[in-house]
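Reviewing the structure listed below.
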Amino acid sequence: MFEAEQERIGEQIRTYCQTQGLTLEAVQWNWIPFSGHWGISLPFFPIAAQESRQGQKINVGARAQELAEGAAAHLGLPAGFERVEAVRGYLNLYFDSGAYARRVLEHVRQEQERFGSGAARGEQVMVEFSQPNTHKAFHVGHLRSAILGDTLARILEFAGYAVIRANYPGDMGLHVIKWLWNYQKFHKGEKPQKDITQWMGQLYAEASRRLEENPDLEAEVRALYQAWDRREPEIVALWEETRQWSLEGFHQMYDLLDIRFDRYYFNSQAEQPGKVMVQDLIERGIAQDERPDGAVIVKLDELLGLKNEKYRVMVVLRSDGTALYATEDLALAKIKFEEYPQLARSLYVVDVRQSLHFQQVFKTLELAGYDWAERCQHIPYELVSLPGNVVMASREGTVVLLEDLIREATERALQVVSDKNPDLSAEQKLEVAKAVGIGAIKYPMLARENAKTVTFDWQAALDFNGQASPYIQYAHVRANSILRKLGGDLPELTEPQHELAPAEVELIELISRFPKEVQRAAAELRPLCLASLGYDLARSFSDFYNQCPVISAEPAVRAFRVHLVAAAKQAMANCLNILGIRAPEVM
RNA sequence: GCCCUUGUAGCUCAAUGGACAGAGCAGCGGCCUUCUAAGCCGUUGGUUGUGAGUUCGAAUCUCACCAGGGGCGCCA
């Protein structure tokens with residue numbers, strides 16, 4: 001937020017270093033830890049070490065301190081700062097706290113819900129996520145891609161990118177045929193009730209069970225698959241109708257989760273174009289057709305002349321000529337860039353087990369000469385497992401259905417809100433329960449490194465205490481409560497006339513960090529940065545809330561603190577919003 | 001066999017290569033005539049899997065090893 005000053009001082013330090021016969025490459029400012037004041041810090045060890053490497057016999061620590069002291073003397077006291085010190089090899093510059101505080105709060109007041117957002121970059125990014133299979137249940141295991149992808153899209157958008165949110169449902173395959181077979185034979189004419197995906201999932205499980213109990217029936221399923229391949233109108237019509245049911249079911253789910261998409265691509269739509277691309281690869285000698293004895297493959301390591309196996313061999317078409325996922329992924333990538341030629345990046349939020357697959361697909365596209373291949377990137381994430389390291393799988397029956405989880409979480413939240421705040425209207429209570437319940441589900445999936453497994457257990461998921469989203473929401477509500485009680489417009493914002501309490505200092509510091517953390521989260525594609533900051537903000541606000549009275553404070557102090565409360569509330573709201581979690585006004 | 005990934009407090013997880021490795025949960029002890037106790041305060045808890053290396057400085061980078069998870073020609 002104060003880059004201009006930092007840069008100017010960085011220049012001065014560089015000049016100072018030159019007078020010492022040293023070159024300072026990049027000025028990397030750090031935060032000053034455990035200071036209780038704001039400021040920026042620069043270690044002089046790298047420069048001292050530079051001298052050491054040039055053969056001078058020096059004590060690096062002592063020399064760093066010497067240089068820091070020299071730099072401090074050279075700088076004097078720059079405008080906007082109230083103290084400069086050299087400590088243990090670090091140069092610390094402390095902002096003029098009154099001016100700094102006013103500036104942060106003023107900035108938030110002007111930006112409001114845009115606070116923390118980056119300037120538009122004019123760069124288009126597609127984020128593909130969720131990819132649910134139609135004709136199947138939607139369980140907690142599917143949740144991570146949906147939530148992670150949605151939040152990444154929000155982060156990128158807020159950071160200044162033009163984001164296209166894409167979904168890619170698996171709407172064809174053996175699982176769909178099985179479902180259709182079971183429906184035709186045992187459920188003809190039935191229509192889904194209110195929990196659509198649950199019903200679809202039940203029918204799928206039933207189909208699997210029937211086939212397992214009586215394997216002879218698989219001949220019927222195969223026959224049906226062939227009918228589909230011939231595109232028999234009756235089958236196609238049934239597929240289209242039932243697929244729509246699934247999509248409606250997904251839509252209900254996304255609605256509950258506040259997740260939306262701009263564009264849907266379908267598995268089935270990439271099948272034929274994929275086969276065309278494979279034919280092209282064969283003709284150009286990139287793919288090898290080993291049919292009828294083998295499949296169509298791309299020998300990636302061999303083509304690249306690699307000695308160690310890395311990309312291995314990718315099968316791009318089955319020996320019977322039918323398409324695989326790989327076939328379709330080749331086409332899908334191309335379809336995306338045909339539709340959006342300006343895409344700077346095409347991201348795939350897909351679980352980590354498919355890392356090799358995506359490396360193969362992207363490398364093959366690169367070999368085929370598509371210049372956009374290098375703009376494709378797989379964003380891997382680990383799965384959601386159950387305690388005891390049990391992976392959720394529909395077939396094993398080890399799943400927690402999403403409907404059940406959402407219902408349970410919101411019911412639990414409703415109970416708590418009714419208990420804590422009985423005066424709210426039934427409508428308000430329900431709204432709060434949804435915000436809290438959904439937030440409690442989302443937060444643990446975001447406050448974790450993408451590459452780390454999320455272990456789902458009911459107790460932790462429904463625990464609304466501690467480091468969880470209800471804590472942040474609650475802090476937001478408390479801030480709102482103060483503002484509501486004071487009512488009316490905010491007084492004029494001036495520099496604080498009182499000495500700021502440590503809790504005020506820390507809170508302002510955290511608020512000021514938000515814009516940078518947004519950029520970092522976008523650059524690293526890690527929602528965790530913001531999940532952590534949101535929690536830190538809430539904790540810091542709670543601290544302030546307990547130590548610094550607002551309403552009962554004397555007028556001058558109150559005038560300043562009201563603005564601090566408003567800024568903190570805005571920062572927490574923006575942070576929650578970017579995570580896809582609602583910030584209620586009461587709870 | 002090859003590749004990827006994880007290992008931090010009893011448990012779940014943090015920590016832009018930087019100054020004393022931090023939270024939550026669980027445990028124990030306190031705090032509601034004071035802006036919502038979904039909160040706050042106090043307290044207990046660590047040779048960052050092991051061993052080397054790079055660096056002025058390593059939980060973080062490199063290598064080896066140990067342990068868990070995942071992936072490796074027609075599953076998705």
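Every chain in the structure tokens takes a letter, A first, then B, and so on in the order presented; its residues are numbered from 1, and the ligands are numbered from 1 following the presented order.
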
Select all residues from chain A having any atom no more than 7 Å from an atom of chain B (counting only C-alpha atoms (C1' of nucleotides), ignoring ligands), output as a list in words.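 That gives Phe45, Ala49, Val60, Gly61, Ala295, Glu309, Lys310, Val313, Met314, Val315, Leu317, Arg318, Ser319, Tyr325, Arg353, Phe464, Asn465, Gly466, Gln467, Pro470, Tyr471, Tyr474, Arg478, Ile482, Asn546, Pro549, Val550 and Ile551 of chain A for chain A.
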
What does the file look like for those residues with C-alpha atoms, as a PDB file, in the first residue's frame?
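So the final result, stored in selection36.pdb, reads:
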```
ATOM      1  CA  PHE A  45      23.621  -9.767   5.757  1.00  0.00           C
ATOM      2  CA  ALA A  49      28.391 -11.672   2.830  1.00  0.00           C
ATOM      3  CA  VAL A  60      29.451 -10.942   8.583  1.00  0.00           C
ATOM      4  CA  GLY A  61      27.087 -10.222  11.467  1.00  0.00           C
ATOM      5  CA  ALA A 295      -3.811 -49.163 -29.108  1.00  0.00           C
ATOM      6  CA  GLU A 309      11.475 -42.305 -18.183  1.00  0.00           C
ATOM      7  CA  LYS A 310       9.493 -39.178 -17.485  1.00  0.00           C
ATOM      8  CA  VAL A 313       3.784 -43.588 -23.099  1.00  0.00           C
ATOM      9  CA  MET A 314       0.309 -42.165 -23.424  1.00  0.00           C
ATOM     10  CA  VAL A 315      -2.542 -44.162 -24.882  1.00  0.00           C
ATOM     11  CA  LEU A 317      -7.171 -44.196 -28.446  1.00  0.00           C
ATOM     12  CA  ARG A 318      -8.312 -47.697 -27.514  1.00  0.00           C
ATOM     13  CA  SER A 319      -7.559 -50.564 -29.834  1.00  0.00           C
ATOM     14  CA  TYR A 325     -10.175 -39.467 -21.301  1.00  0.00           C
ATOM     15  CA  ARG A 353      -3.443 -38.399  -9.144  1.00  0.00           C
ATOM     16  CA  PHE A 464     -17.837 -23.956  15.110  1.00  0.00           C
ATOM     17  CA  ASN A 465     -15.211 -22.909  17.601  1.00  0.00           C
ATOM     18  CA  GLY A 466     -11.620 -21.876  17.197  1.00  0.00           C
ATOM     19  CA  GLN A 467      -9.806 -21.562  13.920  1.00  0.00           C
ATOM     20  CA  PRO A 470     -17.675 -18.977  12.166  1.00  0.00           C
ATOM     21  CA  TYR A 471     -14.985 -17.326  14.261  1.00  0.00           C
ATOM     22  CA  TYR A 474     -18.517 -13.696  14.460  1.00  0.00           C
ATOM     23  CA  ARG A 478     -19.328  -7.856  16.413  1.00  0.00           C
ATOM     24  CA  ILE A 482     -20.650  -1.565  17.187  1.00  0.00           C
ATOM     25  CA  ASN A 546     -11.756  -6.835  24.363  1.00  0.00           C
ATOM     26  CA  PRO A 549     -13.791   0.219  24.139  1.00  0.00           C
ATOM     27  CA  VAL A 550     -15.323   2.181  21.286  1.00  0.00           C
ATOM     28  CA  ILE A 551     -18.755   3.427  22.257  1.00  0.00           C
TER      29      ILE A 551
END
```

Just list as a ChimeraX atom specification whatever in range 144-234 of chain A DSSP marks as alpha helix (DSSP H). /A:144-159,174-186,196-213,218-229,233-234

Report, in Å to a single decimal, how far apart CA of Glu157 in chain A and CA of Ile335 in chain A are.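 If I compute the distance from CA of Ile335 in chain A to CA of Glu157 in chain A, I get 22.6 Å.
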
Polymer residues at most 9 Å from A59 in chain B, only C-alpha atoms (C1' of nucleotides), same-chain spacing of 2 or more positions, as a PyMOL selection string: chain B and resi 8+15+21+48

Would you mind listing what lies within 12 Å of range 492-495 of chain A as a compact mmCIF listing (two decimals) with C-alpha atoms, in the first residue's frame, with only C-alpha atoms (C1' of nucleotides) counted and same-chain residues fewer than 3 positions away left out?
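To be explicit, this is the file written out as around-v6.txt:
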```txt
# COMPACT_ATOMS: atom_id res chain seq x y z
CA ASP A 96 4.87 7.69 11.50
CA SER A 97 2.09 5.82 13.23
CA GLY A 98 -0.51 8.54 13.23
CA ALA A 99 -0.12 9.28 9.56
CA TYR A 100 0.12 5.61 8.70
CA ALA A 101 -3.01 4.69 10.63
CA ARG A 102 -5.01 7.47 9.04
CA ARG A 103 -3.79 6.51 5.61
CA VAL A 104 -4.73 2.85 5.94
CA LEU A 105 -8.19 3.63 7.25
CA GLU A 106 -8.77 6.30 4.63
CA HIS A 107 -7.76 3.91 1.90
CA VAL A 108 -10.20 1.24 3.07
CA ARG A 109 -12.97 3.82 3.43
CA GLN A 110 -12.54 4.90 -0.16
CA ASP A 489 -22.47 8.54 9.20
CA HIS A 498 -4.20 9.17 21.55
CA GLU A 499 -1.32 6.77 21.76
CA LEU A 500 -2.43 3.67 19.92
CA PRO A 555 -15.10 11.45 21.69
CA ALA A 556 -11.70 11.87 20.00
CA VAL A 557 -10.70 8.27 20.63
CA ARG A 558 -14.14 7.04 19.64
CA ALA A 559 -14.00 8.97 16.37
CA PHE A 560 -10.82 7.20 15.40
CA ARG A 561 -11.88 3.76 16.60
CA VAL A 562 -15.14 3.86 14.71
CA HIS A 563 -13.15 4.13 11.52
CA LEU A 564 -10.90 1.31 12.62
CA ALA A 566 -15.39 -0.03 9.91
CA ALA A 567 -12.11 -0.80 8.16
```

When DSSP works through the backbone of this structure, what residues of range 26-263 of chain A end up as strand (DSSP E), shown as a PyMOL selection string? chain A and resi 30-31+39-43+81-87+90-95+124-128+162-167+263
